[in-house]
$ cat model-v9.tsv   # TSV, C-alpha atoms
chain	number	residue	atom	x	y	z
L	30	MET	CA	-53.27	66.40	8.99
L	31	GLN	CA	-51.72	69.54	10.49
L	32	LEU	CA	-49.30	71.53	8.36
L	33	ASN	CA	-46.67	71.09	11.09
L	34	ASP	CA	-47.00	67.30	10.90
L	35	CYS	CA	-46.53	67.53	7.14
L	36	ILE	CA	-43.37	69.61	7.47
L	37	TYR	CA	-42.03	67.19	10.08
L	38	ILE	CA	-42.68	64.13	7.91
L	39	CYS	CA	-41.16	65.85	4.86
L	40	SER	CA	-38.01	66.72	6.80
L	41	GLN	CA	-37.74	63.11	7.98
L	42	ILE	CA	-38.06	61.84	4.41
L	43	ALA	CA	-35.46	64.36	3.25
L	44	ALA	CA	-33.06	63.24	6.00
L	45	TYR	CA	-33.64	59.61	5.01
L	46	MET	CA	-33.04	60.35	1.31
L	47	GLU	CA	-29.84	62.19	2.25
L	48	LEU	CA	-28.61	59.14	4.17
L	49	ARG	CA	-29.43	56.81	1.28
L	50	ARG	CA	-27.68	59.06	-1.22
L	51	ASP	CA	-24.52	59.08	0.89
L	52	ILE	CA	-24.50	55.30	1.18
L	53	PHE	CA	-24.99	54.80	-2.53
L	54	GLN	CA	-22.23	57.29	-3.28
L	55	ALA	CA	-20.04	55.36	-0.87
L	56	ILE	CA	-20.56	52.08	-2.72
L	57	ALA	CA	-20.45	53.67	-6.20
L	58	ASP	CA	-16.65	53.64	-5.97
L	59	PRO	CA	-15.03	50.34	-7.12
L	60	THR	CA	-12.18	50.55	-4.57
L	61	ARG	CA	-14.67	51.03	-1.75
L	62	ARG	CA	-16.70	48.09	-3.00
L	63	ALA	CA	-13.54	45.99	-3.07
L	64	ILE	CA	-12.79	47.05	0.53
L	65	ILE	CA	-16.30	45.97	1.57
L	66	ALA	CA	-15.76	42.63	-0.17
L	67	LEU	CA	-12.46	42.06	1.67
L	68	VAL	CA	-13.77	43.03	5.08
L	69	ALA	CA	-16.97	41.01	4.53
L	70	LEU	CA	-14.90	37.83	4.73
L	71	GLN	CA	-12.93	38.77	7.84
L	72	ALA	CA	-12.20	41.75	10.11
L	73	MET	CA	-9.05	43.52	8.91
L	74	THR	CA	-6.63	46.24	10.03
L	75	PRO	CA	-6.14	49.31	7.76
L	76	THR	CA	-2.63	48.02	6.93
L	77	SER	CA	-3.85	44.60	5.82
L	78	ILE	CA	-6.63	46.21	3.76
L	79	ALA	CA	-4.13	48.59	2.06
L	80	GLU	CA	-1.84	45.65	1.13
L	81	ASN	CA	-4.51	44.53	-1.37
L	82	PHE	CA	-4.33	47.74	-3.38
L	83	ASP	CA	-1.80	49.62	-5.47
L	84	SER	CA	-3.12	52.95	-4.14
L	85	SER	CA	-1.31	54.76	-1.34
L	86	ARG	CA	-2.04	54.02	2.27
L	87	GLN	CA	-3.56	57.52	2.66
L	88	THR	CA	-5.97	56.96	-0.25
L	89	ILE	CA	-7.15	53.69	1.24
L	90	SER	CA	-7.50	55.32	4.68
L	91	LYS	CA	-9.73	57.98	3.13
L	92	HIS	CA	-11.93	55.28	1.55
L	93	ILE	CA	-12.14	53.44	4.88
L	94	GLN	CA	-13.10	56.70	6.59
L	95	ILE	CA	-15.94	57.32	4.12
L	96	LEU	CA	-17.23	53.77	4.56
L	97	THR	CA	-17.09	54.15	8.35
L	98	GLU	CA	-18.91	57.50	8.25
L	99	CYS	CA	-21.68	55.90	6.21
L	100	GLU	CA	-21.81	53.13	8.82
L	101	LEU	CA	-21.00	50.44	6.29
L	102	LEU	CA	-17.90	49.52	8.30
L	103	LYS	CA	-17.37	49.70	12.02
L	104	GLN	CA	-14.17	49.87	14.06
L	105	GLU	CA	-13.15	47.63	16.89
L	106	GLN	CA	-10.07	48.21	19.01
L	107	SER	CA	-8.11	45.04	19.78
L	108	GLY	CA	-4.95	45.80	21.75
L	109	ARG	CA	-3.01	48.36	19.74
L	110	GLU	CA	-4.70	47.46	16.47
L	111	ILE	CA	-7.95	48.77	15.01
L	112	TYR	CA	-9.96	46.19	13.12
L	113	TYR	CA	-12.67	47.01	10.60
L	114	HIS	CA	-15.80	44.88	10.38
L	115	ILE	CA	-18.80	44.93	8.11
L	116	ASN	CA	-21.60	46.77	9.86
L	117	ALA	CA	-24.48	44.42	9.14
L	118	ALA	CA	-27.07	47.07	10.10
L	119	GLY	CA	-25.48	49.57	7.71
L	120	MET	CA	-25.29	47.03	4.90
L	121	LYS	CA	-29.02	46.42	5.30
L	122	GLU	CA	-29.44	50.00	4.01
L	123	VAL	CA	-27.90	48.87	0.74
L	124	ALA	CA	-29.21	45.34	0.51
L	125	ASP	CA	-29.50	42.63	3.06
L	126	PHE	CA	-26.12	40.89	2.87
L	127	ILE	CA	-27.87	37.53	3.28
L	128	GLU	CA	-29.82	38.25	0.07
L	129	PRO	CA	-27.10	36.94	-2.31
L	130	PHE	CA	-26.94	33.70	-0.28
L	131	ARG	CA	-30.74	33.40	-0.40
L	132	LYS	CA	-30.74	34.17	-4.11
L	133	MET	CA	-28.10	31.49	-4.78
L	134	TRP	CA	-30.39	28.86	-3.20
L	135	ASP	CA	-33.50	30.35	-4.80
L	136	ASP	CA	-31.87	30.07	-8.25
L	137	ARG	CA	-30.87	26.44	-7.60
L	138	PHE	CA	-34.35	25.52	-6.37
L	139	ASN	CA	-36.01	27.34	-9.28
L	140	ASN	CA	-33.80	25.25	-11.58
L	141	LEU	CA	-34.76	22.10	-9.72
L	142	GLN	CA	-38.46	22.89	-10.09
L	143	THR	CA	-38.20	23.68	-13.82
L	144	ILE	CA	-36.19	20.51	-14.50
L	145	MET	CA	-38.55	18.28	-12.50
L	146	LYS	CA	-41.65	19.71	-14.20
L	147	LYS	CA	-40.15	18.71	-17.56
L	148	TYR	CA	-39.07	15.34	-16.13
L	149	LYS	CA	-42.66	14.69	-15.11
L	150	SER	CA	-44.03	15.54	-18.55
L	151	LYS	CA	-41.45	13.26	-20.21
L	152	LYS	CA	-42.58	10.26	-18.18
F	15	MET	CA	-41.48	35.94	-9.25
F	16	ASP	CA	-42.34	34.72	-5.77
F	17	ARG	CA	-39.55	34.61	-3.24
F	18	LYS	CA	-40.23	31.10	-2.19
F	19	THR	CA	-36.84	30.31	-0.68
F	20	LYS	CA	-36.50	31.60	2.87
F	21	ILE	CA	-33.39	31.80	5.03
F	22	HIS	CA	-33.70	31.90	8.78
F	23	ALA	CA	-30.38	32.84	10.42
F	24	GLU	CA	-30.48	34.26	13.93
F	25	ASP	CA	-27.71	36.52	15.18
F	26	GLY	CA	-25.11	34.80	17.33
F	27	LYS	CA	-26.05	31.24	16.34
F	28	GLN	CA	-24.02	28.66	14.44
F	29	ASP	CA	-26.85	27.23	12.40
F	30	LEU	CA	-29.37	28.37	9.82
F	31	THR	CA	-32.50	27.04	8.16
F	32	ILE	CA	-33.41	27.20	4.48
F	33	THR	CA	-37.03	26.48	3.56
F	34	ARG	CA	-38.61	26.19	0.16
F	35	GLU	CA	-42.02	25.15	-1.14
F	36	PHE	CA	-42.17	23.50	-4.55
F	37	ASP	CA	-44.92	23.12	-7.15
F	38	LEU	CA	-43.91	19.47	-7.32
F	39	PRO	CA	-45.25	16.31	-5.72
F	40	LEU	CA	-43.01	15.01	-2.93
F	41	ALA	CA	-41.69	12.04	-4.96
F	42	LEU	CA	-40.48	14.29	-7.78
F	43	LEU	CA	-38.77	16.65	-5.35
F	44	PHE	CA	-36.91	13.74	-3.77
F	45	THR	CA	-35.95	12.32	-7.19
F	46	ALA	CA	-34.04	15.57	-7.79
F	47	TYR	CA	-31.75	14.51	-4.92
F	48	GLU	CA	-31.46	10.86	-5.98
F	49	GLU	CA	-30.65	10.89	-9.68
F	50	PRO	CA	-27.08	11.96	-10.51
F	51	GLU	CA	-27.99	13.41	-13.95
F	52	ILE	CA	-30.68	15.56	-12.35
F	53	VAL	CA	-28.44	16.71	-9.48
F	54	GLU	CA	-25.90	17.75	-12.13
F	55	GLN	CA	-28.49	19.87	-13.92
F	56	TRP	CA	-29.95	21.84	-11.04
F	57	MET	CA	-26.79	22.17	-8.95
F	58	GLY	CA	-24.70	23.07	-12.02
F	59	THR	CA	-22.05	20.55	-11.02
F	60	LYS	CA	-20.52	17.30	-12.15
F	61	VAL	CA	-21.41	14.32	-9.96
F	62	LEU	CA	-18.35	12.13	-9.41
F	63	LYS	CA	-20.03	9.87	-6.88
F	64	LEU	CA	-23.51	9.57	-5.35
F	65	GLU	CA	-24.23	6.62	-3.08
F	66	ASN	CA	-27.79	7.07	-1.84
F	67	LYS	CA	-27.62	5.03	1.35
F	68	LYS	CA	-26.67	5.24	5.01
F	69	HIS	CA	-22.85	5.47	5.24
F	70	GLY	CA	-22.71	6.16	1.51
F	71	SER	CA	-20.81	9.15	0.23
F	72	TYR	CA	-20.97	11.71	-2.54
F	73	GLN	CA	-18.54	13.93	-4.38
F	74	PHE	CA	-19.24	16.81	-6.78
F	75	GLU	CA	-16.94	18.85	-8.98
F	76	THR	CA	-17.74	22.30	-10.35
F	77	THR	CA	-15.74	24.12	-12.99
F	78	GLU	CA	-15.59	27.91	-13.00
F	79	PRO	CA	-15.78	29.78	-16.32
F	80	THR	CA	-12.04	30.46	-15.78
F	81	GLY	CA	-11.36	26.72	-15.68
F	82	ASN	CA	-10.71	26.40	-11.94
F	83	LYS	CA	-12.17	23.25	-10.49
F	84	HIS	CA	-13.69	22.91	-7.02
F	85	ARG	CA	-14.64	19.67	-5.33
F	86	PHE	CA	-17.25	19.08	-2.65
F	87	ASN	CA	-17.92	15.90	-0.74
F	88	GLY	CA	-19.86	14.44	2.12
F	89	THR	CA	-21.23	11.32	3.77
F	90	TYR	CA	-24.83	10.24	4.27
F	91	HIS	CA	-25.84	9.45	7.84
F	92	GLU	CA	-29.48	8.85	6.92
F	93	PHE	CA	-31.05	8.42	3.51
F	94	VAL	CA	-34.80	7.78	3.77
F	95	PRO	CA	-36.53	8.32	0.39
F	96	ASN	CA	-39.31	10.93	0.43
F	97	GLN	CA	-38.58	11.74	4.07
F	98	LYS	CA	-35.13	12.83	5.04
F	99	ILE	CA	-31.43	13.04	4.32
F	100	ILE	CA	-28.81	13.65	6.99
F	101	ARG	CA	-25.40	14.32	5.51
F	102	THR	CA	-22.14	16.17	5.92
F	103	PHE	CA	-20.92	18.71	3.36
F	104	GLU	CA	-17.34	19.83	2.86
F	105	MET	CA	-15.63	22.11	0.35
F	106	GLU	CA	-12.28	20.54	-0.46
F	107	ASN	CA	-9.05	22.57	-0.21
F	108	THR	CA	-10.68	25.49	1.58
F	109	PRO	CA	-10.26	26.69	5.18
F	110	PHE	CA	-13.99	26.00	5.76
F	111	ASP	CA	-14.74	23.15	8.13
F	112	VAL	CA	-17.25	20.42	7.32
F	113	GLN	CA	-20.91	21.23	8.02
F	114	LEU	CA	-23.82	19.01	9.09
F	115	GLU	CA	-27.07	19.13	7.09
F	116	PHE	CA	-30.54	17.85	8.00
F	117	LEU	CA	-32.89	17.79	5.01
F	118	GLU	CA	-36.57	17.11	5.60
F	119	PHE	CA	-38.96	16.47	2.73
F	120	GLU	CA	-42.70	16.94	3.31
F	121	SER	CA	-45.78	16.58	1.16
F	122	LEU	CA	-48.11	19.61	1.33
F	123	THR	CA	-50.75	18.61	-1.25
F	124	ASN	CA	-50.75	16.12	-4.15
F	125	THR	CA	-48.92	18.66	-6.27
F	126	THR	CA	-46.86	20.63	-3.76
F	127	SER	CA	-44.09	19.80	-1.34
F	128	LYS	CA	-41.71	21.44	1.08
F	129	LEU	CA	-38.01	21.10	1.83
F	130	THR	CA	-36.49	22.22	5.13
F	131	MET	CA	-32.70	22.29	5.26
F	132	HIS	CA	-31.13	22.79	8.67
F	133	ILE	CA	-27.37	23.44	8.45
F	134	ILE	CA	-25.05	23.42	11.46
F	135	TYR	CA	-21.57	24.97	11.24
F	136	ARG	CA	-18.59	24.47	13.50
F	137	SER	CA	-18.75	28.03	14.85
F	138	ILE	CA	-20.80	31.23	14.69
F	139	ALA	CA	-17.92	32.92	12.84
F	140	LEU	CA	-17.81	30.17	10.21
F	141	ARG	CA	-21.57	30.37	9.61
F	142	ASP	CA	-21.38	34.13	9.14
F	143	GLN	CA	-18.38	33.79	6.83
F	144	ILE	CA	-20.16	31.26	4.60
F	145	LEU	CA	-23.35	33.35	4.58
F	146	LYS	CA	-21.32	36.30	3.28
F	147	LEU	CA	-19.47	34.35	0.55
F	148	PRO	CA	-22.00	34.91	-2.26
F	149	PHE	CA	-22.28	38.55	-1.16
F	150	ALA	CA	-18.50	39.05	-1.34
F	151	GLN	CA	-18.27	37.16	-4.65
F	152	GLY	CA	-21.05	39.34	-6.06
F	153	ILE	CA	-19.18	42.51	-5.14
F	154	ASN	CA	-15.90	41.08	-6.41
F	155	MET	CA	-17.50	40.13	-9.73
F	156	ALA	CA	-18.96	43.62	-10.10
F	157	HIS	CA	-15.55	45.01	-9.22
F	158	SER	CA	-13.64	42.94	-11.78
F	159	ARG	CA	-16.22	43.75	-14.47
F	160	ILE	CA	-15.69	47.45	-13.78
F	161	GLN	CA	-11.90	46.96	-13.96
F	162	GLU	CA	-12.31	45.11	-17.26
F	163	ILE	CA	-14.35	47.96	-18.74
F	164	VAL	CA	-11.94	50.59	-17.38
F	165	SER	CA	-8.88	48.78	-18.74
F	166	LYS	CA	-10.48	48.65	-22.20
F	167	LEU	CA	-10.99	52.41	-22.07
F	168	LYS	CA	-7.28	53.00	-21.45
$ encode --input "model-v9.tsv" --output "structure tokens"
Amino acid sequence: MQLNDCIYICSQIAAYMELRRDIFQAIADPTRRAIIALVALQAMTPTSIAENFDSSRQTISKHIQILTECELLKQEQSGREIYYHINAAGMKEVADFIEPFRKMWDDRFNNLQTIMKKYKSKK
Amino acid sequence: MDRKTKIHAEDGKQDLTITREFDLPLALLFTAYEEPEIVEQWMGTKVLKLENKKHGSYQFETTEPTGNKHRFNGTYHEFVPNQKIIRTFEMENTPFDVQLEFLEFESLTNTTSKLTMHIIYRSIALRDQILKLPFAQGINMAHSRIQEIVSKLK
């Protein structure tokens, strides 16, 4: 492998690590996690998001801005209002948002299997 | 541990498919859907009613650690032992509309079997909302745990 290729790959990895670090910093904050949880259920305006917190509107706006810059949230203009949505592609960086749903079923089915194996041996 | 449960949910569709292979013969897998005491154990719910027949209905009740109770119910449209169940599923007192579920049970070998669960929601938005529920609950739980710890520090 050429030295140039090596430098290129290393810079790509560094850029990727940088991106990951930013995202994890973004979700390390409990208020930002709570914002993600709210918006995950339905698209919301900054005002409706802020109503759920005791913090000032400016503080919440700053959190929303950080989440948007990390591409965890995305904006959508609807008339005069801006709505924030979960950016599914961005959330994949953290963990596939379907994963908790899959895990819920996986846990249930693992239970089922364990219980039925015992049931069989009892018979 | 193997990730045996798979979710197939395409973008922009109002349905999804859950598949799972079990180290259980087909008959035992189906029994887990027939016997109320067993349903209670693996679903972590109380079974109020379970009528395993066409036009029969079922109702479950779960209790949260906080004491809140949630009820779920549905009606069987088909109930063919060791083959298939077609039923509706509804969470009571929630804004979520009823969903339609097609469960197919297959034998793979003498000791293994497969379940395919095809769920159809009223709209694309509703499917996506329900898919995100455990995700949002997970984040909320983490959030309230952090608040609990922080408030103890004060």
$ residues_around --input "model-v9.tsv" --residues "F:Leu122" --least-positions-apart "3" --cutoff "10 Å" --atoms "all atoms listed in the file" --output "list of chain:residue names"
F:Glu35, F:Phe36, F:Asp37, F:Leu38, F:Pro39, F:Leu40, F:Phe119, F:Thr125, F:Thr126, F:Ser127, F:Lys128
$ write_last_selection --input "model-v9.tsv" --atoms "C-alpha atoms" --output "PDB file, in the frame of the given file"
ATOM      1  CA  GLU F  35     -42.020  25.150  -1.140  1.00  0.00           C
ATOM      2  CA  PHE F  36     -42.170  23.500  -4.550  1.00  0.00           C
ATOM      3  CA  ASP F  37     -44.920  23.120  -7.150  1.00  0.00           C
ATOM      4  CA  LEU F  38     -43.910  19.470  -7.320  1.00  0.00           C
ATOM      5  CA  PRO F  39     -45.250  16.310  -5.720  1.00  0.00           C
ATOM      6  CA  LEU F  40     -43.010  15.010  -2.930  1.00  0.00           C
ATOM      7  CA  PHE F 119     -38.960  16.470   2.730  1.00  0.00           C
ATOM      8  CA  THR F 125     -48.920  18.660  -6.270  1.00  0.00           C
ATOM      9  CA  THR F 126     -46.860  20.630  -3.760  1.00  0.00           C
ATOM     10  CA  SER F 127     -44.090  19.800  -1.340  1.00  0.00           C
ATOM     11  CA  LYS F 128     -41.710  21.440   1.080  1.00  0.00           C
TER      12      LYS F 128
END
$ closest_residue --input "model-v9.tsv" --among "F:Ile134, F:Ile21, F:Val112, F:Thr76" --to "F:Gln55" --atoms "all atoms listed in the file"
F:Thr76
$ closest_residue --input "model-v9.tsv" --among "L:Ile127, L:Ile111, L:Ile144, L:Ala63" --to "L:Thr76" --atoms "only C-alpha atoms"
L:Ile111
$ closest_residue --input "model-v9.tsv" --among "F:Trp56, F:Tyr72, F:Leu30, F:Phe44" --to "chain L" --atoms "all atoms listed in the file"
F:Trp56
$ interface_residues --input "model-v9.tsv" --of "chain L" --to "chain F" --cutoff "9 Å" --atoms "all atoms listed in the file" --output "ChimeraX atom specification"
/L:59-60,62-63,65-71,126-146,148-149
$ write_last_selection --input "model-v9.tsv" --atoms "C-alpha atoms" --output "PDB file, in the frame of the given file"
ATOM      1  CA  PRO L  59     -15.030  50.340  -7.120  1.00  0.00           C
ATOM      2  CA  THR L  60     -12.180  50.550  -4.570  1.00  0.00           C
ATOM      3  CA  ARG L  62     -16.700  48.090  -3.000  1.00  0.00           C
ATOM      4  CA  ALA L  63     -13.540  45.990  -3.070  1.00  0.00           C
ATOM      5  CA  ILE L  65     -16.300  45.970   1.570  1.00  0.00           C
ATOM      6  CA  ALA L  66     -15.760  42.630  -0.170  1.00  0.00           C
ATOM      7  CA  LEU L  67     -12.460  42.060   1.670  1.00  0.00           C
ATOM      8  CA  VAL L  68     -13.770  43.030   5.080  1.00  0.00           C
ATOM      9  CA  ALA L  69     -16.970  41.010   4.530  1.00  0.00           C
ATOM     10  CA  LEU L  70     -14.900  37.830   4.730  1.00  0.00           C
ATOM     11  CA  GLN L  71     -12.930  38.770   7.840  1.00  0.00           C
ATOM     12  CA  PHE L 126     -26.120  40.890   2.870  1.00  0.00           C
ATOM     13  CA  ILE L 127     -27.870  37.530   3.280  1.00  0.00           C
ATOM     14  CA  GLU L 128     -29.820  38.250   0.070  1.00  0.00           C
ATOM     15  CA  PRO L 129     -27.100  36.940  -2.310  1.00  0.00           C
ATOM     16  CA  PHE L 130     -26.940  33.700  -0.280  1.00  0.00           C
ATOM     17  CA  ARG L 131     -30.740  33.400  -0.400  1.00  0.00           C
ATOM     18  CA  LYS L 132     -30.740  34.170  -4.110  1.00  0.00           C
ATOM     19  CA  MET L 133     -28.100  31.490  -4.780  1.00  0.00           C
ATOM     20  CA  TRP L 134     -30.390  28.860  -3.200  1.00  0.00           C
ATOM     21  CA  ASP L 135     -33.500  30.350  -4.800  1.00  0.00           C
ATOM     22  CA  ASP L 136     -31.870  30.070  -8.250  1.00  0.00           C
ATOM     23  CA  ARG L 137     -30.870  26.440  -7.600  1.00  0.00           C
ATOM     24  CA  PHE L 138     -34.350  25.520  -6.370  1.00  0.00           C
ATOM     25  CA  ASN L 139     -36.010  27.340  -9.280  1.00  0.00           C
ATOM     26  CA  ASN L 140     -33.800  25.250 -11.580  1.00  0.00           C
ATOM     27  CA  LEU L 141     -34.760  22.100  -9.720  1.00  0.00           C
ATOM     28  CA  GLN L 142     -38.460  22.890 -10.090  1.00  0.00           C
ATOM     29  CA  THR L 143     -38.200  23.680 -13.820  1.00  0.00           C
ATOM     30  CA  ILE L 144     -36.190  20.510 -14.500  1.00  0.00           C
ATOM     31  CA  MET L 145     -38.550  18.280 -12.500  1.00  0.00           C
ATOM     32  CA  LYS L 146     -41.650  19.710 -14.200  1.00  0.00           C
ATOM     33  CA  TYR L 148     -39.070  15.340 -16.130  1.00  0.00           C
ATOM     34  CA  LYS L 149     -42.660  14.690 -15.110  1.00  0.00           C
TER      35      LYS L 149
END
$ atom_distance --input "model-v9.tsv" --atom1 "atom CA of F:Ile99" --atom2 "atom CA of F:Met131"
9.4 Å
$ residues_near_point --input "model-v9.tsv" --point "(-32.3, 21.2, 9.7)" --cutoff "8 Å" --atoms "only C-alpha atoms" --output "VMD selection string"
chain F and resid 30 to 31 115 to 118 130 to 134
$ residues_around --input "model-v9.tsv" --residues "F:Arg85" --least-positions-apart "6" --cutoff "12 Å" --atoms "only C-alpha atoms" --output "PDB file with C-alpha atoms, in the frame of the given file"
ATOM      1  CA  THR F  59     -22.050  20.550 -11.020  1.00  0.00           C
ATOM      2  CA  LYS F  60     -20.520  17.300 -12.150  1.00  0.00           C
ATOM      3  CA  VAL F  61     -21.410  14.320  -9.960  1.00  0.00           C
ATOM      4  CA  LEU F  62     -18.350  12.130  -9.410  1.00  0.00           C
ATOM      5  CA  LYS F  63     -20.030   9.870  -6.880  1.00  0.00           C
ATOM      6  CA  TYR F  72     -20.970  11.710  -2.540  1.00  0.00           C
ATOM      7  CA  GLN F  73     -18.540  13.930  -4.380  1.00  0.00           C
ATOM      8  CA  PHE F  74     -19.240  16.810  -6.780  1.00  0.00           C
ATOM      9  CA  GLU F  75     -16.940  18.850  -8.980  1.00  0.00           C
ATOM     10  CA  THR F  76     -17.740  22.300 -10.350  1.00  0.00           C
ATOM     11  CA  THR F  77     -15.740  24.120 -12.990  1.00  0.00           C
ATOM     12  CA  GLU F  78     -15.590  27.910 -13.000  1.00  0.00           C
ATOM     13  CA  PHE F 103     -20.920  18.710   3.360  1.00  0.00           C
ATOM     14  CA  GLU F 104     -17.340  19.830   2.860  1.00  0.00           C
ATOM     15  CA  MET F 105     -15.630  22.110   0.350  1.00  0.00           C
ATOM     16  CA  GLU F 106     -12.280  20.540  -0.460  1.00  0.00           C
ATOM     17  CA  ASN F 107      -9.050  22.570  -0.210  1.00  0.00           C
ATOM     18  CA  THR F 108     -10.680  25.490   1.580  1.00  0.00           C
TER      19      THR F 108
END
$ atom_distance --input "model-v9.tsv" --atom1 "atom CA of L:Ile95" --atom2 "atom CA of L:Glu110"
19.4 Å
